[in-house]
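Chemist: Coordinates in query19.cif, mmCIF, C-alpha atoms and all ligand atoms, are listed below.
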```cif
data_entry
loop_
_atom_site.label_atom_id
_atom_site.label_comp_id
_atom_site.auth_asym_id
_atom_site.auth_seq_id
_atom_site.Cartn_x
_atom_site.Cartn_y
_atom_site.Cartn_z
CA MET A 1 -4.64 -0.67 4.94
CA TYR A 2 -2.34 -0.79 7.99
CA ASN A 3 -3.55 -1.98 11.40
CA ILE A 4 -2.58 0.01 14.47
CA LEU A 5 -2.93 -1.61 17.90
CA VAL A 6 -3.96 0.91 20.57
CA VAL A 7 -3.82 -0.23 24.21
CA GLU A 8 -5.24 2.48 26.45
CA ASP A 9 -7.61 2.29 29.44
CA THR A 10 -8.88 5.90 29.44
CA ALA A 11 -11.94 6.17 27.19
CA VAL A 12 -11.36 9.81 26.27
CA VAL A 13 -7.75 9.15 25.18
CA ARG A 14 -8.95 6.17 23.12
CA LYS A 15 -11.50 8.46 21.48
CA ILE A 16 -8.87 11.10 20.61
CA LEU A 17 -6.51 8.46 19.20
CA ALA A 18 -9.31 6.79 17.21
CA LYS A 19 -10.19 10.14 15.66
CA LEU A 20 -6.64 11.27 14.87
CA ILE A 21 -5.29 7.92 13.68
CA GLY A 22 -8.56 7.15 11.86
CA ALA A 23 -8.23 10.44 9.94
CA ASN A 24 -5.33 8.86 8.06
CA PRO A 25 -6.95 6.88 5.22
CA PHE A 26 -4.21 4.22 5.42
CA PHE A 27 -4.89 3.29 9.06
CA ARG A 28 -7.35 1.03 10.85
CA CYS A 29 -7.30 1.14 14.67
CA VAL A 30 -7.74 -1.93 16.83
CA MET A 31 -8.75 -0.53 20.23
CA CYS A 32 -7.94 -2.40 23.46
CA LYS A 33 -8.74 -1.15 26.96
CA ASP A 34 -6.38 -3.49 28.84
CA LEU A 35 -3.64 -6.09 28.45
CA ALA A 36 -6.09 -9.00 28.26
CA THR A 37 -7.89 -7.51 25.24
CA ALA A 38 -4.53 -6.64 23.64
CA ARG A 39 -3.41 -10.28 24.04
CA GLU A 40 -6.60 -11.43 22.32
CA ALA A 41 -6.06 -8.95 19.47
CA MET A 42 -2.46 -10.12 18.98
CA LYS A 43 -3.63 -13.76 18.83
CA GLN A 44 -5.82 -12.97 15.81
CA ASP A 45 -4.42 -13.31 12.33
CA VAL A 46 -3.78 -9.58 11.98
CA ALA A 47 -0.48 -7.93 11.08
CA PHE A 48 0.12 -4.70 13.00
CA LEU A 49 2.19 -1.88 11.57
CA ALA A 50 2.68 -0.49 15.09
CA ALA A 51 1.28 -0.31 18.60
CA VAL A 52 0.52 2.73 20.75
CA VAL A 53 0.48 1.64 24.40
CA ASP A 54 -0.21 3.16 27.80
CA LEU A 55 2.02 2.01 30.67
CA ASN A 56 -0.59 2.01 33.39
CA LEU A 57 -3.40 -0.44 32.60
CA PRO A 58 -5.89 -1.96 35.06
CA ASP A 59 -4.44 -5.48 34.60
CA ALA A 60 -0.85 -4.35 33.88
CA PRO A 61 0.03 -1.30 36.01
CA ASN A 62 3.81 -1.33 35.45
CA GLY A 63 4.19 -1.24 31.69
CA GLU A 64 4.01 -5.05 31.29
CA VAL A 65 2.26 -4.53 27.94
CA VAL A 66 5.45 -3.12 26.39
CA ASN A 67 7.45 -6.34 26.46
CA GLU A 68 4.53 -8.42 25.24
CA VAL A 69 4.04 -6.16 22.22
CA LEU A 70 7.78 -5.90 21.50
CA GLU A 71 8.09 -9.70 21.70
CA LYS A 72 5.62 -9.94 18.81
CA GLY A 73 7.98 -7.72 16.76
CA ILE A 74 5.50 -4.82 16.65
CA PRO A 75 7.15 -1.36 16.63
CA THR A 76 5.93 0.26 19.82
CA VAL A 77 5.20 3.85 20.76
CA VAL A 78 4.63 4.50 24.47
CA LEU A 79 2.05 7.18 25.22
CA THR A 80 2.00 7.85 28.94
CA GLY A 81 1.09 10.40 31.57
CA ASN A 82 4.17 9.39 33.53
CA PHE A 83 7.30 11.36 32.73
CA SER A 84 10.35 9.69 34.18
CA GLU A 85 13.75 10.13 32.53
CA THR A 86 14.91 6.79 33.95
CA LEU A 87 11.86 4.89 32.73
CA ARG A 88 12.11 6.60 29.34
CA GLY A 89 15.77 5.60 29.04
CA ARG A 90 15.01 2.00 30.05
CA LEU A 91 12.11 1.58 27.63
CA LEU A 92 13.99 3.12 24.70
CA ALA A 93 16.91 0.80 25.45
CA GLU A 94 14.49 -2.15 25.39
CA GLY A 95 13.52 -1.22 21.83
CA VAL A 96 10.56 1.13 22.17
CA LEU A 97 10.50 3.39 19.13
CA ASP A 98 9.28 6.51 20.91
CA TYR A 99 8.24 7.58 24.41
CA ILE A 100 5.66 10.35 24.30
CA THR A 101 4.10 12.01 27.36
CA LYS A 102 0.46 13.11 27.28
CA ASP A 103 1.38 16.55 28.58
CA CYS A 104 -0.07 18.57 25.71
CA ARG A 105 -2.33 18.16 22.72
CA PHE A 106 0.70 18.03 20.38
CA ALA A 107 1.60 14.69 21.96
CA TYR A 108 -1.22 13.04 20.03
CA ASN A 109 -0.11 14.60 16.76
CA GLN A 110 3.38 13.32 17.46
CA VAL A 111 1.96 9.79 17.76
CA VAL A 112 0.23 10.13 14.38
CA LYS A 113 3.42 11.53 12.83
CA VAL A 114 5.48 8.55 14.03
CA LEU A 115 2.87 6.09 12.73
CA ASP A 116 2.78 7.76 9.34
CA ARG A 117 6.58 7.70 9.17
CA LEU A 118 6.48 3.92 9.80
CA ARG A 119 3.92 3.54 7.02
CA LYS A 120 6.15 5.44 4.59
CA ASN A 121 9.15 3.39 5.75
CA THR A 122 7.48 0.20 4.48
CA GLN A 123 7.89 1.67 0.98
CA THR A 124 11.37 3.09 1.54
CA LYS A 125 14.47 1.18 0.48
CA VAL A 126 17.67 1.91 2.40
CA LEU A 127 21.27 0.99 1.60
CA VAL A 128 23.71 0.43 4.49
CA VAL A 129 27.39 0.70 3.51
CA ASP A 130 29.89 -0.60 6.06
CA ASP A 131 32.81 -3.04 5.94
CA SER A 132 32.33 -4.06 9.59
CA SER A 133 29.69 -6.77 9.76
CA VAL A 134 28.96 -5.98 13.44
CA SER A 135 28.29 -2.32 12.81
CA ARG A 136 26.40 -3.12 9.57
CA ASN A 137 24.13 -5.58 11.39
CA ILE A 138 23.36 -3.11 14.18
CA ILE A 139 22.26 -0.47 11.66
CA CYS A 140 20.37 -2.98 9.48
CA ASN A 141 18.48 -4.31 12.54
CA LEU A 142 17.48 -0.83 13.68
CA LEU A 143 16.21 -0.03 10.19
CA THR A 144 14.33 -3.31 9.84
CA LYS A 145 12.62 -2.69 13.21
CA ALA A 146 11.45 0.67 11.87
CA LYS A 147 9.93 -1.18 8.88
CA PHE A 148 12.41 -0.07 6.20
CA GLU A 149 13.35 -2.35 3.32
CA VAL A 150 17.09 -2.80 3.85
CA GLU A 151 20.02 -3.65 1.52
CA SER A 152 23.65 -3.69 2.58
CA VAL A 153 27.13 -3.69 0.98
CA ASN A 154 30.77 -3.58 2.15
CA ASP A 155 32.20 -0.45 0.55
CA GLY A 156 31.65 2.60 -1.63
CA LEU A 157 32.31 0.86 -4.94
CA GLU A 158 29.77 -1.87 -4.14
CA ALA A 159 27.34 0.86 -3.08
CA LEU A 160 27.60 2.57 -6.49
CA GLN A 161 26.83 -0.73 -8.21
CA LYS A 162 23.90 -1.50 -5.86
CA LEU A 163 22.42 1.97 -6.42
CA LYS A 164 22.67 1.51 -10.17
CA GLU A 165 20.77 -1.77 -9.90
CA ASN A 166 18.19 -0.34 -7.45
CA PRO A 167 17.21 3.17 -8.55
CA ASP A 168 14.39 3.09 -5.96
CA ILE A 169 16.84 3.31 -3.02
CA LYS A 170 16.00 6.57 -1.22
CA LEU A 171 18.50 6.61 1.65
CA VAL A 172 22.16 5.64 2.07
CA ILE A 173 23.74 5.26 5.50
CA SER A 174 27.48 4.96 5.06
CA ASP A 175 30.51 4.45 7.25
CA HIS A 176 33.66 6.40 6.38
CA HIS A 177 36.67 4.05 6.67
CA MET A 178 36.18 1.27 4.11
CA PRO A 179 38.40 -0.43 1.50
CA ASN A 180 38.18 0.55 -2.21
CA MET A 181 36.10 3.69 -1.71
CA ASP A 182 35.45 5.48 1.59
CA GLY A 183 32.21 7.19 2.70
CA CYS A 184 33.27 10.74 1.80
CA GLU A 185 34.43 9.65 -1.67
CA LEU A 186 31.13 7.84 -2.11
CA VAL A 187 28.94 10.84 -1.30
CA LYS A 188 31.02 13.08 -3.59
CA ALA A 189 30.77 10.56 -6.44
CA LEU A 190 27.00 10.37 -5.98
CA ARG A 191 26.41 14.11 -5.87
CA GLU A 192 28.26 14.53 -9.18
CA GLN A 193 25.39 12.65 -10.85
CA PRO A 194 22.05 14.48 -11.34
CA CYS A 195 20.01 11.33 -10.64
CA TYR A 196 21.33 11.18 -7.05
CA GLN A 197 20.55 14.78 -6.03
CA ASN A 198 17.50 13.73 -4.01
CA LEU A 199 19.09 10.65 -2.47
CA VAL A 200 19.31 11.10 1.31
CA PHE A 201 22.84 10.38 2.54
CA ILE A 202 23.82 10.03 6.20
CA GLY A 203 27.49 9.54 7.09
CA VAL A 204 28.55 7.57 10.17
CA SER A 205 31.96 7.28 11.74
CA SER A 206 33.59 6.68 15.10
CA GLU A 207 35.80 9.67 14.26
CA GLY A 208 33.56 12.46 15.42
CA ASP A 209 35.87 15.33 16.18
CA GLY A 210 33.89 17.71 14.00
CA LEU A 211 36.29 17.47 11.06
CA MET A 212 34.77 14.20 9.93
CA SER A 213 31.19 15.48 10.07
CA ALA A 214 32.25 18.64 8.19
CA LYS A 215 33.96 16.50 5.54
CA PHE A 216 30.82 14.43 5.00
CA ILE A 217 28.45 17.41 4.96
CA LYS A 218 30.71 19.42 2.61
CA GLY A 219 30.82 16.40 0.30
CA GLY A 220 27.02 16.46 0.07
CA ALA A 221 25.77 14.35 3.01
CA ASN A 222 22.47 15.38 4.57
CA ASP A 223 23.55 14.48 8.09
CA PHE A 224 26.24 12.77 10.16
CA LEU A 225 26.16 10.42 13.18
CA LYS A 226 29.07 9.65 15.46
CA LYS A 227 29.43 5.98 16.45
CA PRO A 228 28.38 4.68 18.91
CA PHE A 229 25.02 6.42 18.81
CA HIS A 230 21.87 6.06 20.82
CA HIS A 231 19.18 4.42 18.73
CA GLU A 232 16.70 7.25 19.45
CA GLU A 233 19.14 9.75 17.91
CA PHE A 234 19.67 7.41 14.97
CA TYR A 235 15.94 7.08 14.28
CA TRP A 236 15.17 10.77 14.53
CA ARG A 237 18.07 11.84 12.35
CA VAL A 238 17.00 9.31 9.71
CA PHE A 239 13.32 10.27 9.99
CA SER A 240 13.93 14.02 9.86
CA SER A 241 16.28 13.76 6.84
CA LEU A 242 13.64 11.71 5.00
CA ASP A 243 10.88 14.15 6.02
CA SER A 244 12.92 17.08 4.65
CA MET A 245 13.60 15.30 1.38
CA GLU A 246 9.93 14.37 0.96
CA MET A 247 8.96 17.98 1.56
CA LEU A 248 11.47 19.11 -1.06
CA GLU A 249 10.13 16.52 -3.52
CA THR A 250 6.57 17.76 -2.93
CA ILE A 251 7.70 21.31 -3.72
CA GLN A 252 9.66 20.15 -6.77
CA LEU A 253 6.60 18.27 -8.04
CA ALA A 254 4.27 21.23 -7.40
CA ALA A 255 6.60 23.40 -9.50
CA LYS A 256 6.06 21.06 -12.45
CA LEU A 257 2.29 20.74 -12.31
CA ASP A 258 -0.61 22.98 -13.22
CA SER A 259 -2.49 23.60 -9.97
CA LEU A 260 -6.00 23.42 -11.49
CA THR A 261 -5.72 20.26 -13.59
CA GLY A 262 -2.71 18.44 -12.16
CA LEU A 263 -1.32 18.13 -15.72
CA PHE A 264 2.25 19.21 -16.48
CA ASN A 265 2.48 23.01 -16.63
CA ARG A 266 3.81 24.79 -19.69
CA GLY A 267 7.42 24.95 -18.42
CA TYR A 268 7.62 21.27 -17.57
CA LEU A 269 5.79 20.32 -20.78
CA PHE A 270 8.58 22.01 -22.77
CA GLU A 271 11.23 20.38 -20.58
CA GLN A 272 9.76 16.90 -21.19
CA GLY A 273 9.27 17.73 -24.87
CA GLU A 274 12.93 18.76 -25.25
CA GLU A 275 13.95 15.44 -23.67
CA LEU A 276 11.86 13.53 -26.21
CA PHE A 277 13.22 15.63 -29.10
CA ALA A 278 16.78 15.00 -27.93
CA LYS A 279 16.13 11.27 -28.44
CA ARG A 280 14.42 11.71 -31.80
CA ASP A 281 17.03 9.72 -33.76
CA SER A 282 16.11 6.61 -31.82
CA LEU A 283 12.35 7.22 -32.05
CA GLU A 284 10.11 5.95 -34.81
CA CYS A 285 7.96 9.06 -34.82
CA LEU A 286 7.27 12.35 -33.05
CA SER A 287 4.19 14.54 -33.02
CA VAL A 288 2.95 17.67 -31.28
CA CYS A 289 -0.79 18.35 -30.93
CA MET A 290 -2.59 21.42 -29.60
CA PHE A 291 -6.14 21.19 -28.21
CA ASP A 292 -8.35 24.23 -27.59
CA LEU A 293 -11.90 24.23 -26.18
CA ASP A 294 -14.29 26.04 -28.53
CA GLU A 295 -16.20 29.15 -27.43
CA PHE A 296 -15.01 28.62 -23.86
CA LYS A 297 -15.43 32.28 -22.95
CA GLN A 298 -19.19 31.83 -23.33
CA VAL A 299 -19.17 29.15 -20.63
CA ASN A 300 -17.45 31.53 -18.23
CA ASP A 301 -19.70 34.41 -19.19
CA SER A 302 -23.00 32.52 -18.98
CA LEU A 303 -22.34 29.98 -16.19
CA GLY A 304 -19.50 31.54 -14.20
CA HIS A 305 -15.84 30.74 -13.66
CA ARG A 306 -16.53 27.85 -11.27
CA ILE A 307 -18.25 25.86 -14.05
CA GLY A 308 -15.52 27.05 -16.46
CA ASP A 309 -12.89 25.62 -14.12
CA GLU A 310 -14.82 22.36 -13.77
CA LEU A 311 -14.99 22.04 -17.55
CA ILE A 312 -11.22 22.61 -17.84
CA VAL A 313 -10.56 19.96 -15.17
CA GLN A 314 -12.81 17.36 -16.82
CA PHE A 315 -11.44 18.07 -20.28
CA ALA A 316 -7.89 17.70 -18.88
CA LYS A 317 -8.83 14.37 -17.26
CA LEU A 318 -10.22 13.02 -20.52
CA LEU A 319 -7.08 14.18 -22.33
CA GLN A 320 -4.81 12.50 -19.76
CA GLU A 321 -6.77 9.24 -19.98
CA SER A 322 -6.84 9.30 -23.80
CA PHE A 323 -3.09 9.99 -24.13
CA SER A 324 -1.82 8.16 -21.06
CA SER A 325 1.43 7.05 -22.71
CA ASP A 326 2.28 10.54 -24.02
CA VAL A 327 3.45 13.84 -22.52
CA VAL A 328 0.30 15.81 -21.71
CA GLY A 329 0.27 19.39 -20.41
CA ARG A 330 -1.78 22.53 -20.00
CA TYR A 331 -0.40 25.06 -22.46
CA GLY A 332 -2.38 27.92 -20.91
CA GLY A 333 -6.03 28.90 -20.32
CA GLU A 334 -8.28 26.46 -22.17
CA GLU A 335 -5.43 25.27 -24.39
CA PHE A 336 -3.62 21.93 -23.95
CA ALA A 337 -0.80 20.07 -25.69
CA VAL A 338 0.28 16.48 -26.21
CA ILE A 339 3.75 15.41 -27.35
CA SER A 340 3.93 11.82 -28.51
CA ALA A 341 6.50 9.34 -29.77
CA ARG A 342 3.86 6.85 -30.90
CA PRO A 343 3.67 5.83 -34.58
CA GLU A 344 1.85 8.32 -36.81
CA ARG A 345 -1.01 5.93 -37.67
CA VAL A 346 -1.65 5.06 -34.01
CA MET A 347 -1.50 8.68 -32.92
CA ARG A 348 -3.88 9.74 -35.67
CA LEU A 349 -6.43 7.15 -34.48
CA SER A 350 -6.03 8.30 -30.86
CA ILE A 351 -6.67 11.93 -31.79
CA GLN A 352 -9.75 10.98 -33.80
CA GLN A 353 -11.00 8.79 -30.95
CA PHE A 354 -10.47 11.64 -28.49
CA MET A 355 -12.48 14.00 -30.71
CA LYS A 356 -15.34 11.46 -30.74
CA SER A 357 -15.21 11.15 -26.93
CA VAL A 358 -15.44 14.94 -26.51
CA ARG A 359 -18.42 15.09 -28.83
CA CYS A 360 -20.21 12.30 -26.90
CA MET A 361 -19.48 13.50 -23.39
CA LEU A 362 -21.55 15.86 -21.27
CA PHE A 363 -19.28 18.01 -19.10
CA THR A 364 -19.71 19.47 -15.61
CA GLU A 365 -22.76 19.40 -13.35
CA LYS A 366 -24.53 21.43 -16.05
CA ARG A 367 -24.10 18.51 -18.49
CA LEU A 368 -22.62 20.70 -21.21
CA ALA A 369 -22.06 19.46 -24.74
CA VAL A 370 -18.80 21.08 -25.89
CA THR A 371 -16.40 20.80 -28.79
CA CYS A 372 -12.73 21.45 -29.28
CA SER A 373 -10.37 22.25 -32.12
CA ILE A 374 -7.13 20.35 -32.65
CA GLY A 375 -3.95 21.30 -34.53
CA VAL A 376 -1.42 18.56 -35.30
CA CYS A 377 2.20 18.57 -36.41
CA MET A 378 3.39 15.07 -37.35
CA SER A 379 7.06 14.19 -37.88
CA PRO A 380 8.43 17.73 -37.43
CA LYS A 381 11.61 18.45 -39.38
CA ASP A 382 12.97 21.02 -36.94
CA GLY A 383 13.01 21.36 -33.15
CA LEU A 384 10.28 21.42 -30.50
CA MET A 385 9.51 25.14 -30.79
CA ALA A 386 9.07 24.91 -34.56
CA ALA A 387 6.77 21.89 -34.03
CA PHE A 388 4.64 23.88 -31.57
CA GLU A 389 4.44 26.79 -34.04
CA SER A 390 3.34 24.42 -36.77
CA ALA A 391 0.69 22.74 -34.55
CA ASP A 392 -0.51 26.20 -33.47
CA LEU A 393 -0.87 27.24 -37.11
CA GLN A 394 -2.98 24.12 -37.76
CA LEU A 395 -5.08 24.95 -34.68
CA TYR A 396 -5.65 28.44 -36.06
CA ARG A 397 -6.80 26.84 -39.34
CA ALA A 398 -9.18 24.54 -37.42
CA LYS A 399 -10.69 27.54 -35.60
CA ASN A 400 -11.00 29.53 -38.84
CA GLY A 401 -12.46 26.48 -40.59
CA GLY A 402 -15.48 26.54 -38.25
CA ARG A 403 -14.06 24.90 -35.05
CA ASN A 404 -14.77 21.30 -33.91
CA ARG A 405 -12.11 20.14 -36.43
CA ILE A 406 -8.74 18.38 -36.54
CA GLU A 407 -6.24 20.02 -38.87
CA PRO A 408 -4.66 18.98 -41.17
CA PHE A 409 -6.59 15.63 -41.03
CA ASP A 410 -10.09 17.04 -41.78
CA SER A 411 -8.79 19.11 -44.76
CA GLU A 412 -7.01 16.01 -46.12
CA VAL A 413 -10.31 14.04 -46.01
CA ALA A 414 -12.20 16.85 -47.72
N1 LIG B 501 -12.72 29.50 -15.75
C1 LIG B 501 -11.54 29.72 -16.28
N2 LIG B 501 -11.40 30.48 -17.38
C2 LIG B 501 -10.17 30.66 -17.91
C3 LIG B 501 -9.02 30.06 -17.35
N3 LIG B 501 -7.95 30.41 -18.11
C4 LIG B 501 -8.40 31.19 -19.09
N4 LIG B 501 -9.76 31.34 -19.00
C5 LIG B 501 -10.67 32.09 -19.86
O1 LIG B 501 -10.79 31.43 -21.10
C6 LIG B 501 -11.34 32.34 -22.05
C7 LIG B 501 -10.71 32.08 -23.42
O2 LIG B 501 -11.41 32.88 -24.31
P1 LIG B 501 -11.02 33.03 -25.83
O3 LIG B 501 -9.51 33.09 -25.96
O4 LIG B 501 -11.80 34.14 -26.40
O5 LIG B 501 -11.41 31.66 -26.47
P2 LIG B 501 -12.82 30.96 -26.72
O6 LIG B 501 -13.95 31.66 -26.10
O7 LIG B 501 -12.65 29.53 -26.36
O8 LIG B 501 -12.98 31.08 -28.27
P3 LIG B 501 -12.28 30.20 -29.39
O9 LIG B 501 -10.99 29.67 -28.83
O10 LIG B 501 -12.06 31.14 -30.52
O11 LIG B 501 -13.23 29.12 -29.74
C8 LIG B 501 -11.03 33.74 -21.48
O12 LIG B 501 -12.24 34.33 -21.12
C9 LIG B 501 -10.18 33.48 -20.25
O13 LIG B 501 -10.46 34.41 -19.22
C10 LIG B 501 -9.20 29.27 -16.19
O14 LIG B 501 -8.25 28.70 -15.62
N5 LIG B 501 -10.44 29.12 -15.69
#
```
Would you mind writing the structure in this file as structure tokens?
Modeler:
Amino acid sequence: MYNILVVEDTAVVRKILAKLIGANPFFRCVMCKDLATAREAMKQDVAFLAAVVDLNLPDAPNGEVVNEVLEKGIPTVVLTGNFSETLRGRLLAEGVLDYITKDCRFAYNQVVKVLDRLRKNTQTKVLVVDDSSVSRNIICNLLTKAKFEVESVNDGLEALQKLKENPDIKLVISDHHMPNMDGCELVKALREQPCYQNLVFIGVSSEGDGLMSAKFIKGGANDFLKKPFHHEEFYWRVFSSLDSMEMLETIQLAAKLDSLTGLFNRGYLFEQGEELFAKRDSLECLSVCMFDLDEFKQVNDSLGHRIGDELIVQFAKLLQESFSSDVVGRYGGEEFAVISARPERVMRLSIQQFMKSVRCMLFTEKRLAVTCSIGVCMSPKDGLMAAFESADLQLYRAKNGGRNRIEPFDSEVA
């Protein structure tokens, strides 16, 4: 939970902010109506992610609150009815993160957007690449103030090493002119590797005649900044590049998942399966299992598709929990698949345990007792597709054998 300090004397504005900021499950608002209450709040043992402050308070009519909040190292967003270009410039230069005027309802959404960006920044690692310690420190300080986790190195070669050691770095901000490997060479080297396709890369250089920015962007950079830059421009270029990448990642993830159950969809299941099969020489074992709910059509026909959907979702959840270390996906309809690299004996026990859980559980709000049939292919000799065909054949045998069976295990026992 992140605490947000709100200093605002108008009750209705406080109410709007409490509602909008409070709608974010990660935020808790600490509301203050004047500077005196804000001072009290800052004296408490509470860490604030950020502050949203009004400039005109009953006991501080000239924006005195800003310096007091900034002095405590709290990122500050000014929300004011007073639009003055000079004041805006002065406050931004003093280190205010954003200056938003209450001139329309979107202003409040903008406040929430900035706060959420700061929250995400706390979990975002950034690498600054620059051989000039002055320039490196300026960029690192700006990033630290915006709550990023910051690493820094001197040149492109060091950057490659640092990225290898820290695969969780999401953003690189790199100068161009550096010894060993320059910024443009660095971005090109990174984009040649599939694992760095989603890394956000922003080039910076004092050479900003257009050719340099083109060189960076053509090499694969997401954006370019000419030095010296205003810190507001810096922040918003960084924030908007990260926002775009997060949006792309959300779309990429959605393309891999089944929208009803959240399990891998069929396409991604095969992709993950092929990756496991490609490593089969180094794996102790491989198995493919198919799971199919029995007489599922009857559930739809008698209780409706909503209950049918609920059953599929709950069955998928149980499957995911039971095979949490394996690749689990929805094969289609009421059919699911698990691809595992666990030892045969362990996997066999897991499948049998899962079957017991299904038999014990009552599904959906209708408390339905259901069964499923399972087809297993252990240690396949050929590729993934052949393994799926073999598991499917076993599933067919389980259905023909009366359903509620695991094949070939149940035939082996008999
Ligand atoms: N509610 C719901 N139904 C689905 C979904 N996908 C497929 N179905 C239905 O699932 C039913 C599958 O029926 P069948 O293939 O006859 O299988 P079954 O009734 O389970 O019979 P057996 O597999 O032989 O035990 C069909 O009626 C499909 O319309 C879904 O996402 N939601």
Chemist: Using all atoms listed in the file, pick whichever of A:Ile339, A:Val69, A:Met385, A:Leu293 has the shortest atom-to-atom distance to A:Leu49.
Modeler: A:Val69
Chemist: Residues at most 10 Å from ligand LIG 501 (chain B), using all atoms listed in the file? Could they come as an MDAnalysis selection string?
Modeler: chainID A and resid 258:261 291:301 303:313 330 332:335 371:373 395:396 398:400 402:404
Chemist: Deliver the residues from the most recent selection as a file, using C-alpha atoms, as a PDB file, in the frame of the given file.
Modeler:
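The new file again_9.pdb reads:
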```
ATOM      1  CA  ASP A 258      -0.610  22.980 -13.220  1.00  0.00           C
ATOM      2  CA  SER A 259      -2.490  23.600  -9.970  1.00  0.00           C
ATOM      3  CA  LEU A 260      -6.000  23.420 -11.490  1.00  0.00           C
ATOM      4  CA  THR A 261      -5.720  20.260 -13.590  1.00  0.00           C
ATOM      5  CA  PHE A 291      -6.140  21.190 -28.210  1.00  0.00           C
ATOM      6  CA  ASP A 292      -8.350  24.230 -27.590  1.00  0.00           C
ATOM      7  CA  LEU A 293     -11.900  24.230 -26.180  1.00  0.00           C
ATOM      8  CA  ASP A 294     -14.290  26.040 -28.530  1.00  0.00           C
ATOM      9  CA  GLU A 295     -16.200  29.150 -27.430  1.00  0.00           C
ATOM     10  CA  PHE A 296     -15.010  28.620 -23.860  1.00  0.00           C
ATOM     11  CA  LYS A 297     -15.430  32.280 -22.950  1.00  0.00           C
ATOM     12  CA  GLN A 298     -19.190  31.830 -23.330  1.00  0.00           C
ATOM     13  CA  VAL A 299     -19.170  29.150 -20.630  1.00  0.00           C
ATOM     14  CA  ASN A 300     -17.450  31.530 -18.230  1.00  0.00           C
ATOM     15  CA  ASP A 301     -19.700  34.410 -19.190  1.00  0.00           C
ATOM     16  CA  LEU A 303     -22.340  29.980 -16.190  1.00  0.00           C
ATOM     17  CA  GLY A 304     -19.500  31.540 -14.200  1.00  0.00           C
ATOM     18  CA  HIS A 305     -15.840  30.740 -13.660  1.00  0.00           C
ATOM     19  CA  ARG A 306     -16.530  27.850 -11.270  1.00  0.00           C
ATOM     20  CA  ILE A 307     -18.250  25.860 -14.050  1.00  0.00           C
ATOM     21  CA  GLY A 308     -15.520  27.050 -16.460  1.00  0.00           C
ATOM     22  CA  ASP A 309     -12.890  25.620 -14.120  1.00  0.00           C
ATOM     23  CA  GLU A 310     -14.820  22.360 -13.770  1.00  0.00           C
ATOM     24  CA  LEU A 311     -14.990  22.040 -17.550  1.00  0.00           C
ATOM     25  CA  ILE A 312     -11.220  22.610 -17.840  1.00  0.00           C
ATOM     26  CA  VAL A 313     -10.560  19.960 -15.170  1.00  0.00           C
ATOM     27  CA  ARG A 330      -1.780  22.530 -20.000  1.00  0.00           C
ATOM     28  CA  GLY A 332      -2.380  27.920 -20.910  1.00  0.00           C
ATOM     29  CA  GLY A 333      -6.030  28.900 -20.320  1.00  0.00           C
ATOM     30  CA  GLU A 334      -8.280  26.460 -22.170  1.00  0.00           C
ATOM     31  CA  GLU A 335      -5.430  25.270 -24.390  1.00  0.00           C
ATOM     32  CA  THR A 371     -16.400  20.800 -28.790  1.00  0.00           C
ATOM     33  CA  CYS A 372     -12.730  21.450 -29.280  1.00  0.00           C
ATOM     34  CA  SER A 373     -10.370  22.250 -32.120  1.00  0.00           C
ATOM     35  CA  LEU A 395      -5.080  24.950 -34.680  1.00  0.00           C
ATOM     36  CA  TYR A 396      -5.650  28.440 -36.060  1.00  0.00           C
ATOM     37  CA  ALA A 398      -9.180  24.540 -37.420  1.00  0.00           C
ATOM     38  CA  LYS A 399     -10.690  27.540 -35.600  1.00  0.00           C
ATOM     39  CA  ASN A 400     -11.000  29.530 -38.840  1.00  0.00           C
ATOM     40  CA  GLY A 402     -15.480  26.540 -38.250  1.00  0.00           C
ATOM     41  CA  ARG A 403     -14.060  24.900 -35.050  1.00  0.00           C
ATOM     42  CA  ASN A 404     -14.770  21.300 -33.910  1.00  0.00           C
TER      43      ASN A 404
END
```
Chemist: Quick one: residues within 12 Å of A:Asn222, all atoms listed in the file counted, chain neighbours fewer than 2 positions away excluded, as a ChimeraX atom specification?
Modeler: /A:171-174,187,191,197-204,213-220,224-225,237-245
Chemist: Just want the 10 Å neighbourhood of stretch 99-111 of chain A, counted on all atoms listed in the file, with same-chain residues fewer than 3 positions away dropped. Output as a short mmCIF file (atom, residue, chain, number, x, y, z; two decimals) with C-alpha atoms, in the coordinates of the input.
Modeler:
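File selection28.cif, as written:
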```cif
data_model
loop_
_atom_site.label_atom_id
_atom_site.label_comp_id
_atom_site.auth_asym_id
_atom_site.auth_seq_id
_atom_site.Cartn_x
_atom_site.Cartn_y
_atom_site.Cartn_z
CA VAL A 13 -7.75 9.15 25.18
CA ILE A 16 -8.87 11.10 20.61
CA LEU A 17 -6.51 8.46 19.20
CA LEU A 20 -6.64 11.27 14.87
CA ILE A 21 -5.29 7.92 13.68
CA VAL A 52 0.52 2.73 20.75
CA VAL A 53 0.48 1.64 24.40
CA ASP A 54 -0.21 3.16 27.80
CA THR A 76 5.93 0.26 19.82
CA VAL A 77 5.20 3.85 20.76
CA VAL A 78 4.63 4.50 24.47
CA LEU A 79 2.05 7.18 25.22
CA THR A 80 2.00 7.85 28.94
CA GLY A 81 1.09 10.40 31.57
CA ASN A 82 4.17 9.39 33.53
CA PHE A 83 7.30 11.36 32.73
CA SER A 84 10.35 9.69 34.18
CA LEU A 87 11.86 4.89 32.73
CA ARG A 88 12.11 6.60 29.34
CA GLY A 89 15.77 5.60 29.04
CA LEU A 91 12.11 1.58 27.63
CA LEU A 92 13.99 3.12 24.70
CA VAL A 96 10.56 1.13 22.17
CA VAL A 114 5.48 8.55 14.03
CA LEU A 115 2.87 6.09 12.73
CA ASP A 116 2.78 7.76 9.34
CA ARG A 117 6.58 7.70 9.17
CA GLU A 232 16.70 7.25 19.45
#
```
